[in-house]
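J.: The following file, entry_8.cif, comprises mmCIF, C-alpha atoms and all ligand atoms:
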data_data
loop_
_atom_site.label_atom_id
_atom_site.label_comp_id
_atom_site.auth_asym_id
_atom_site.auth_seq_id
_atom_site.Cartn_x
_atom_site.Cartn_y
_atom_site.Cartn_z
CA MET M 1 16.21 -3.17 -9.81
CA ALA M 2 15.95 -2.78 -6.04
CA ARG M 3 15.98 -6.01 -4.04
CA VAL M 4 13.56 -5.57 -1.17
CA GLY M 5 12.53 -8.06 1.50
CA VAL M 6 9.10 -8.32 3.09
CA LEU M 7 8.97 -10.04 6.45
CA ALA M 8 6.51 -12.85 5.87
CA LEU M 9 6.00 -14.35 9.31
CA GLN M 10 2.40 -13.28 9.57
CA GLY M 11 0.07 -10.46 8.56
CA ASP M 12 -0.32 -8.20 5.59
CA PHE M 13 2.81 -9.03 3.59
CA PRO M 14 1.14 -9.90 0.22
CA MET M 15 -0.11 -6.35 -0.32
CA HIS M 16 3.31 -4.83 0.36
CA GLU M 17 4.81 -7.34 -2.07
CA LYS M 18 2.27 -6.32 -4.70
CA ARG M 19 3.03 -2.60 -4.28
CA LEU M 20 6.77 -3.20 -4.48
CA ARG M 21 6.42 -5.32 -7.63
CA GLU M 22 4.28 -2.63 -9.23
CA LEU M 23 7.17 -0.24 -8.57
CA GLY M 24 9.61 -2.57 -10.33
CA CYS M 25 11.30 -4.13 -7.29
CA GLN M 26 12.58 -7.63 -6.97
CA VAL M 27 10.81 -8.87 -3.83
CA LYS M 28 11.79 -11.66 -1.46
CA GLN M 29 9.78 -13.04 1.44
CA VAL M 30 11.83 -13.19 4.63
CA ARG M 31 11.21 -16.00 7.14
CA VAL M 32 14.67 -17.11 8.23
CA PRO M 33 17.94 -15.18 8.71
CA ASN M 34 19.47 -16.33 5.38
CA ASP M 35 16.59 -14.75 3.49
CA LEU M 36 18.08 -11.35 4.37
CA ASP M 37 21.23 -12.04 2.33
CA GLY M 38 21.61 -9.63 -0.56
CA LEU M 39 18.61 -7.49 0.32
CA GLU M 40 18.85 -3.71 0.15
CA ALA M 41 15.86 -2.88 2.36
CA LEU M 42 13.09 -4.55 4.35
CA ILE M 43 9.42 -3.93 5.05
CA TRP M 44 7.94 -5.25 8.29
CA PRO M 45 4.19 -5.44 7.60
CA GLY M 46 1.22 -5.05 9.87
CA GLY M 47 -0.57 -7.97 11.47
CA GLU M 48 -0.49 -8.88 15.12
CA SER M 49 2.56 -8.12 17.25
CA THR M 50 1.71 -10.78 19.86
CA THR M 51 1.67 -13.47 17.15
CA MET M 52 4.85 -12.12 15.56
CA THR M 53 6.56 -12.25 18.96
CA ARG M 54 5.45 -15.85 19.45
CA ILE M 55 6.62 -17.20 16.13
CA MET M 56 9.88 -15.29 15.71
CA SER M 57 13.00 -17.31 16.48
CA ASP M 58 15.88 -15.78 18.48
CA GLU M 59 18.10 -16.19 15.41
CA LEU M 60 15.74 -14.20 13.22
CA ARG M 61 15.36 -11.54 15.91
CA SER M 62 19.13 -10.95 16.07
CA ALA M 63 19.52 -11.07 12.29
CA LEU M 64 16.79 -8.45 11.92
CA LYS M 65 18.38 -6.25 14.57
CA GLU M 66 21.66 -6.35 12.70
CA PHE M 67 20.01 -5.71 9.32
CA CYS M 68 18.20 -2.65 10.72
CA GLN M 69 21.49 -1.01 11.71
CA THR M 70 22.70 -0.86 8.12
CA HIS M 71 19.69 -0.86 5.79
CA PRO M 72 16.44 1.05 5.32
CA VAL M 73 13.64 -0.68 7.21
CA TRP M 74 9.96 0.26 7.21
CA GLY M 75 7.47 -0.95 9.82
CA THR M 76 3.75 -0.51 9.23
CA CYS M 77 1.34 -0.87 12.15
CA ALA M 78 2.33 -4.10 13.98
CA GLY M 79 5.67 -3.85 12.15
CA MET M 80 6.07 -0.37 13.59
CA ILE M 81 5.26 -1.69 17.07
CA MET M 82 7.92 -4.39 16.72
CA LEU M 83 10.58 -1.81 15.79
CA SER M 84 9.58 0.60 18.57
CA GLN M 85 9.07 0.39 22.31
CA THR M 86 5.78 -0.29 24.02
CA ASP M 87 4.32 -0.66 27.51
CA PRO M 88 5.58 -3.78 29.27
CA ASP M 89 3.55 -6.79 28.12
CA PRO M 90 4.87 -10.37 28.31
CA ARG M 91 3.17 -11.19 24.99
CA VAL M 92 5.02 -8.54 22.98
CA LYS M 93 8.79 -8.43 22.79
CA THR M 94 9.72 -5.59 20.47
CA LEU M 95 13.16 -4.99 18.98
CA GLY M 96 13.09 -1.49 20.45
CA ILE M 97 15.32 -0.09 17.72
CA ALA M 98 13.48 3.18 17.16
CA ASN M 99 13.39 5.92 19.73
CA VAL M 100 9.60 5.85 19.64
CA HIS M 101 7.15 4.68 22.28
CA VAL M 102 3.72 3.44 21.20
CA ASN M 103 0.45 2.56 22.81
CA ARG M 104 -0.34 -0.63 20.89
CA ASN M 105 -4.08 -0.33 20.39
CA GLY M 106 -4.21 3.39 21.15
CA TRP M 107 -7.06 4.12 18.72
CA GLY M 108 -9.32 1.41 20.10
CA ARG M 109 -10.33 -2.06 18.97
CA GLN M 110 -11.08 -3.50 15.53
CA VAL M 111 -14.48 -1.78 15.37
CA HIS M 112 -12.73 1.54 15.85
CA SER M 113 -10.66 1.14 12.70
CA PHE M 114 -11.02 4.14 10.41
CA GLU M 115 -9.75 6.11 7.44
CA GLY M 116 -8.69 9.74 7.59
CA GLU M 117 -6.98 12.40 5.57
CA LEU M 118 -3.40 13.07 6.59
CA ARG M 119 -1.32 16.19 6.50
CA VAL M 120 2.11 15.38 5.06
CA ILE M 121 5.46 17.13 4.73
CA PRO M 122 6.04 18.89 1.39
CA GLU M 123 8.21 16.00 0.06
CA LEU M 124 5.15 13.75 0.30
CA GLU M 125 2.56 16.18 -1.00
CA GLU M 126 0.77 15.27 -4.22
CA LYS M 127 -2.36 16.52 -5.97
CA LYS M 128 -4.60 13.89 -4.41
CA PRO M 129 -5.15 13.84 -0.65
CA CYS M 130 -3.18 11.32 1.38
CA ILE M 131 -5.58 8.93 3.10
CA GLY M 132 -4.45 6.84 6.03
CA MET M 133 -6.13 3.53 6.83
CA PHE M 134 -5.90 2.81 10.55
CA ILE M 135 -6.61 -0.76 11.66
CA ARG M 136 -6.25 -1.31 15.41
CA ALA M 137 -3.43 1.13 14.94
CA PRO M 138 -0.76 2.00 17.46
CA ARG M 139 -0.63 5.54 18.74
CA ILE M 140 2.67 7.30 19.36
CA SER M 141 2.95 8.32 23.01
CA SER M 142 6.45 9.80 22.87
CA MET M 143 9.46 10.02 20.61
CA GLY M 144 13.06 11.16 20.70
CA LYS M 145 14.35 14.45 19.33
CA ASP M 146 16.06 12.62 16.47
CA VAL M 147 12.71 11.34 15.20
CA LEU M 148 11.11 13.38 12.43
CA THR M 149 7.41 13.53 11.70
CA LEU M 150 6.39 12.96 8.08
CA ALA M 151 2.61 12.84 8.43
CA TRP M 152 -0.07 13.82 10.91
CA PHE M 153 -3.67 12.79 11.48
CA ARG M 154 -5.39 15.72 13.13
CA ASP M 155 -2.42 16.97 15.15
CA GLU M 156 -0.86 13.62 15.91
CA ALA M 157 2.24 12.17 14.32
CA VAL M 158 1.31 9.00 12.39
CA ALA M 159 4.37 8.58 10.13
CA VAL M 160 7.87 9.20 11.46
CA ALA M 161 11.47 8.59 10.46
CA GLN M 162 14.63 8.04 12.42
CA GLY M 163 17.70 7.58 10.26
CA ASN M 164 17.04 4.56 8.05
CA ILE M 165 13.88 3.60 9.88
CA LEU M 166 10.46 4.56 8.57
CA LEU M 167 7.42 3.95 10.78
CA THR M 168 3.76 4.35 9.85
CA THR M 169 0.92 3.63 12.25
CA PHE M 170 -1.44 3.18 9.26
CA HIS M 171 -1.41 0.90 6.18
CA PRO M 172 -0.19 2.66 2.99
CA GLU M 173 -0.14 -0.68 1.14
CA LEU M 174 -3.96 -0.85 1.25
CA THR M 175 -4.95 2.47 -0.29
CA GLY M 176 -3.39 2.25 -3.76
CA ASP M 177 -1.43 5.42 -2.98
CA ASP M 178 2.20 4.42 -3.24
CA ARG M 179 3.89 7.67 -2.17
CA PHE M 180 5.27 6.13 1.03
CA HIS M 181 6.60 3.14 -0.89
CA ARG M 182 8.32 5.49 -3.34
CA LEU M 183 9.80 7.53 -0.51
CA PHE M 184 11.10 4.37 1.15
CA LEU M 185 12.64 3.05 -2.06
CA SER M 186 14.43 6.37 -2.56
CA TRP M 187 16.26 5.71 0.71
CA ILE M 188 17.98 2.66 -0.81
CA LEU M 189 20.01 5.03 -2.96
CA GLU M 190 21.44 6.66 0.13
CA PRO M 191 21.36 4.30 3.10
CA ASN M 192 22.34 5.72 6.47
CA LYS M 193 21.38 9.18 5.39
CA ASN M 194 18.06 10.58 6.34
CA ARG M 195 16.76 12.20 3.18
CA ILE M 196 13.90 14.02 4.86
CA VAL M 197 14.84 17.63 5.27
CA SER M 198 11.58 19.24 6.20
CA THR M 199 9.77 18.30 9.38
CA GLY M 200 6.73 20.51 8.99
CA ASP M 201 5.72 22.97 11.65
CA ARG M 202 4.23 20.74 14.31
CA ASN M 203 6.88 18.14 14.97
N1 LIG V 1 -2.71 -3.60 17.23
C1 LIG V 1 -2.04 -4.62 16.50
C2 LIG V 1 -0.89 -5.18 17.31
O1 LIG V 1 -0.76 -4.94 18.49
C3 LIG V 1 -1.54 -4.10 15.16
C4 LIG V 1 -2.64 -3.99 14.15
C5 LIG V 1 -2.17 -3.93 12.71
O2 LIG V 1 -1.03 -4.23 12.37
N2 LIG V 1 -3.08 -3.59 11.83
O3 LIG V 1 -0.10 -5.89 16.79
#
Give the structure from this file in structure tokens form.

T.:
Amino acid sequence: MARVGVLALQGDFPMHEKRLRELGCQVKQVRVPNDLDGLEALIWPGGESTTMTRIMSDELRSALKEFCQTHPVWGTCAGMIMLSQTDPDPRVKTLGIANVHVNRNGWGRQVHSFEGELRVIPELEEKKPCIGMFIRAPRISSMGKDVLTLAWFRDEAVAVAQGNILLTTFHPELTGDDRFHRLFLSWILEPNKNRIVSTGDRN
């Protein structure tokens, strides 16, 4: 049984926990550095990156940085922002681990939240369409050559991977479609190896 942590500082952690439990994982909420002990992977949920910045201790920040070097980590929405880089803003101090730059509220404000059908790489294709739920979602403005695109909305990358790091600008935990959770859990079997082989044709 996979032991997976869900960062539970703030935001949408209960739904990620639910999805992981449905998939048979042992789930632990992470609030302090010791909570990371014994975990095989971590999800950093969506919420509000300014609030996360405010309430995260320096100890937790360094422990998370260290954990991300050696384990699969998945950031959704605000979680993705915190793992990436963003325009200078004193209210948001990201970990900057991923070679991805985001515009934090690039799709507009809360009223501009929306759902849309995504195009996904073959490894993520299933019979039913893949719907992305975007809630004040970040928008990727640039990314490094070592970052692979796993899903697109229109022609824009909205799910990407870099080594052990998975980043989604949308909220897969809210749609009842667990294909991204299953993909992420498959990474636990082979940490430090990017299992995605196909990048699609518009990376
Ligand atoms: N735009 C929010 C932020 O800057 C993220 C929104 C979300 O996680 N749904 O943190």

J.: Here is a test: counting all atoms listed in the file, which residue of M:Trp74, M:Phe114, M:Phe134, M:Phe13 is nearest to ligand LIG 1 (chain V)?

T.: M:Phe134

J.: Within 8 Å of range 26-36 of chain M, counting only C-alpha atoms, which residues show up once you throw out same-chain ones fewer than 4 positions away? Write them as a PDB file with C-alpha atoms, in the coordinates of the input, please.

T.:
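Generated output (selection22.pdb):
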ATOM      1  CA  MET M   1      16.210  -3.170  -9.810  1.00  0.00           C
ATOM      2  CA  ALA M   2      15.950  -2.780  -6.040  1.00  0.00           C
ATOM      3  CA  ARG M   3      15.980  -6.010  -4.040  1.00  0.00           C
ATOM      4  CA  VAL M   4      13.560  -5.570  -1.170  1.00  0.00           C
ATOM      5  CA  GLY M   5      12.530  -8.060   1.500  1.00  0.00           C
ATOM      6  CA  VAL M   6       9.100  -8.320   3.090  1.00  0.00           C
ATOM      7  CA  LEU M   7       8.970 -10.040   6.450  1.00  0.00           C
ATOM      8  CA  ALA M   8       6.510 -12.850   5.870  1.00  0.00           C
ATOM      9  CA  LEU M   9       6.000 -14.350   9.310  1.00  0.00           C
ATOM     10  CA  GLU M  17       4.810  -7.340  -2.070  1.00  0.00           C
ATOM     11  CA  LEU M  20       6.770  -3.200  -4.480  1.00  0.00           C
ATOM     12  CA  ARG M  21       6.420  -5.320  -7.630  1.00  0.00           C
ATOM     13  CA  GLU M  59      18.100 -16.190  15.410  1.00  0.00           C
ATOM     14  CA  LEU M  60      15.740 -14.200  13.220  1.00  0.00           C
ATOM     15  CA  ALA M  63      19.520 -11.070  12.290  1.00  0.00           C
ATOM     16  CA  LEU M  64      16.790  -8.450  11.920  1.00  0.00           C
ATOM     17  CA  PHE M  67      20.010  -5.710   9.320  1.00  0.00           C
TER      18      PHE M  67
END

J.: Around ligand LIG 1 (chain V), out to 8 Å and counting all atoms listed in the file, which residues are there? I want them as a PyMOL selection string.

T.: chain M and resi 11-12+45-51+76-79+81+104-105+109+134-138+170-171

J.: Near range 90-103 of chain M, counting all atoms listed in the file, which residues have an atom at most 10 Å away, once you skip same-chain residues fewer than 5 positions from it, shown as a ChimeraX atom specification?

T.: /M:48-54,56,61-62,64-65,68-69,78-85,137-147,160-167,169

J.: Provide the CA of Thr168 in chain M to CA of Glu115 in chain M distance in Å, to one decimal place.

T.: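 Computed distance, CA of Thr168 in chain M to CA of Glu115 in chain M, equals 13.8 Å.
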
J.: How many Å separate CA of Lys128 in chain M from CA of Glu40 in chain M?

T.: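 Separation of CA of Lys128 in chain M and CA of Glu40 in chain M: 29.7 Å.
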
J.: Work out how far CA of Gly106 in chain M is from CA of Thr86 in chain M, in Å to one decimal.

T.: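 Here the two named atoms are 11.0 Å from each other.
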
J.: Smallest atom-to-atom distance to His71 in chain M: which of M:Ala157, M:Arg19, M:Leu148, M:Leu42, using only C-alpha atoms?

T.: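 That would be M:Leu42, the residue with the smallest distance to His71 in chain M.
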
J.: From the list M:Leu174, M:Ile121, M:Val73, M:Ala159, which residue is nearest Leu39 in chain M when using only C-alpha atoms?

T.: M:Val73

J.: Keeping all heavy atoms, write range 144-159 of chain M of the structure just shown out as a short mmCIF file (atom, residue, chain, number, x, y, z; two decimals), in the first residue's frame.

T.:
data_model
loop_
_atom_site.label_atom_id
_atom_site.label_comp_id
_atom_site.auth_asym_id
_atom_site.auth_seq_id
_atom_site.Cartn_x
_atom_site.Cartn_y
_atom_site.Cartn_z
N GLY M 144 11.33 24.97 -19.21
CA GLY M 144 12.62 24.47 -19.71
C GLY M 144 12.45 23.32 -20.68
O GLY M 144 11.38 22.70 -20.77
N LYS M 145 13.53 23.00 -21.38
CA LYS M 145 13.50 21.92 -22.37
C LYS M 145 13.30 20.55 -21.73
O LYS M 145 12.87 19.61 -22.38
CB LYS M 145 14.82 21.92 -23.16
CG LYS M 145 14.91 23.04 -24.17
CD LYS M 145 15.90 22.69 -25.28
CE LYS M 145 15.80 23.64 -26.45
NZ LYS M 145 15.91 25.05 -26.06
N ASP M 146 13.65 20.44 -20.46
CA ASP M 146 13.50 19.15 -19.76
C ASP M 146 12.10 18.97 -19.20
O ASP M 146 11.83 18.01 -18.48
CB ASP M 146 14.54 19.05 -18.64
CG ASP M 146 14.57 20.30 -17.77
OD1 ASP M 146 14.04 21.36 -18.20
OD2 ASP M 146 15.13 20.23 -16.66
N VAL M 147 11.20 19.87 -19.51
CA VAL M 147 9.83 19.76 -19.00
C VAL M 147 8.94 19.22 -20.12
O VAL M 147 8.92 19.76 -21.23
CB VAL M 147 9.31 21.14 -18.54
CG1 VAL M 147 7.90 21.03 -17.98
CG2 VAL M 147 10.25 21.73 -17.49
N LEU M 148 8.22 18.15 -19.81
CA LEU M 148 7.37 17.51 -20.82
C LEU M 148 5.92 17.89 -20.62
O LEU M 148 5.45 18.00 -19.49
CB LEU M 148 7.48 15.98 -20.69
CG LEU M 148 8.89 15.40 -20.74
CD1 LEU M 148 8.84 13.90 -20.48
CD2 LEU M 148 9.52 15.69 -22.10
N THR M 149 5.21 18.07 -21.72
CA THR M 149 3.79 18.39 -21.60
C THR M 149 2.98 17.10 -21.64
O THR M 149 3.21 16.23 -22.48
CB THR M 149 3.37 19.31 -22.75
OG1 THR M 149 4.19 20.48 -22.71
CG2 THR M 149 1.91 19.72 -22.61
N LEU M 150 2.04 16.98 -20.71
CA LEU M 150 1.19 15.78 -20.63
C LEU M 150 -0.25 16.08 -21.07
O LEU M 150 -0.98 15.17 -21.44
CB LEU M 150 1.14 15.24 -19.20
CG LEU M 150 2.46 15.09 -18.45
CD1 LEU M 150 2.21 14.42 -17.11
CD2 LEU M 150 3.43 14.29 -19.26
N ALA M 151 -0.64 17.35 -20.97
CA ALA M 151 -2.01 17.71 -21.36
C ALA M 151 -2.06 19.16 -21.80
O ALA M 151 -1.28 19.99 -21.32
CB ALA M 151 -2.98 17.48 -20.20
N TRP M 152 -2.97 19.42 -22.73
CA TRP M 152 -3.15 20.76 -23.28
C TRP M 152 -4.61 21.17 -23.18
O TRP M 152 -5.51 20.33 -23.34
CB TRP M 152 -2.82 20.79 -24.78
CG TRP M 152 -1.41 20.48 -25.17
CD1 TRP M 152 -0.43 21.37 -25.54
CD2 TRP M 152 -0.80 19.18 -25.29
NE1 TRP M 152 0.73 20.71 -25.87
CE2 TRP M 152 0.53 19.37 -25.72
CE3 TRP M 152 -1.25 17.87 -25.05
CZ2 TRP M 152 1.42 18.31 -25.94
CZ3 TRP M 152 -0.37 16.81 -25.25
CH2 TRP M 152 0.94 17.04 -25.69
N PHE M 153 -4.86 22.46 -22.95
CA PHE M 153 -6.18 23.02 -23.13
C PHE M 153 -6.05 23.98 -24.30
O PHE M 153 -5.20 24.86 -24.29
CB PHE M 153 -6.67 23.76 -21.88
CG PHE M 153 -7.97 24.47 -22.09
CD1 PHE M 153 -9.12 23.75 -22.34
CD2 PHE M 153 -8.03 25.85 -22.08
CE1 PHE M 153 -10.33 24.39 -22.58
CE2 PHE M 153 -9.24 26.51 -22.30
CZ PHE M 153 -10.38 25.77 -22.56
N ARG M 154 -6.90 23.80 -25.31
CA ARG M 154 -6.64 24.46 -26.59
C ARG M 154 -5.19 24.12 -26.96
O ARG M 154 -4.85 22.96 -26.98
CB ARG M 154 -6.94 25.95 -26.52
CG ARG M 154 -8.41 26.14 -26.12
CD ARG M 154 -8.94 27.53 -26.36
NE ARG M 154 -10.33 27.59 -25.98
CZ ARG M 154 -10.85 28.44 -25.11
NH1 ARG M 154 -10.09 29.35 -24.53
NH2 ARG M 154 -12.13 28.41 -24.84
N ASP M 155 -4.32 25.08 -27.19
CA ASP M 155 -2.96 24.67 -27.54
C ASP M 155 -1.97 24.95 -26.42
O ASP M 155 -0.77 24.94 -26.64
CB ASP M 155 -2.52 25.38 -28.82
CG ASP M 155 -2.97 24.59 -30.03
OD1 ASP M 155 -3.28 23.40 -29.86
OD2 ASP M 155 -3.02 25.17 -31.13
N GLU M 156 -2.50 25.16 -25.22
CA GLU M 156 -1.60 25.51 -24.12
C GLU M 156 -1.33 24.35 -23.19
O GLU M 156 -2.25 23.61 -22.84
CB GLU M 156 -2.26 26.60 -23.28
CG GLU M 156 -1.97 27.96 -23.80
CD GLU M 156 -2.37 29.01 -22.79
OE1 GLU M 156 -1.97 28.96 -21.61
OE2 GLU M 156 -3.11 29.89 -23.22
N ALA M 157 -0.09 24.22 -22.77
CA ALA M 157 0.26 23.17 -21.81
C ALA M 157 -0.42 23.47 -20.47
O ALA M 157 -0.32 24.59 -19.96
CB ALA M 157 1.77 23.14 -21.62
N VAL M 158 -1.13 22.47 -19.92
CA VAL M 158 -1.78 22.65 -18.61
C VAL M 158 -1.39 21.56 -17.62
O VAL M 158 -1.72 21.65 -16.44
CB VAL M 158 -3.32 22.74 -18.75
CG1 VAL M 158 -3.74 24.04 -19.45
CG2 VAL M 158 -3.91 21.53 -19.48
N ALA M 159 -0.71 20.52 -18.09
CA ALA M 159 -0.14 19.51 -17.19
C ALA M 159 1.24 19.19 -17.72
O ALA M 159 1.41 18.92 -18.92
CB ALA M 159 -1.00 18.25 -17.18
#
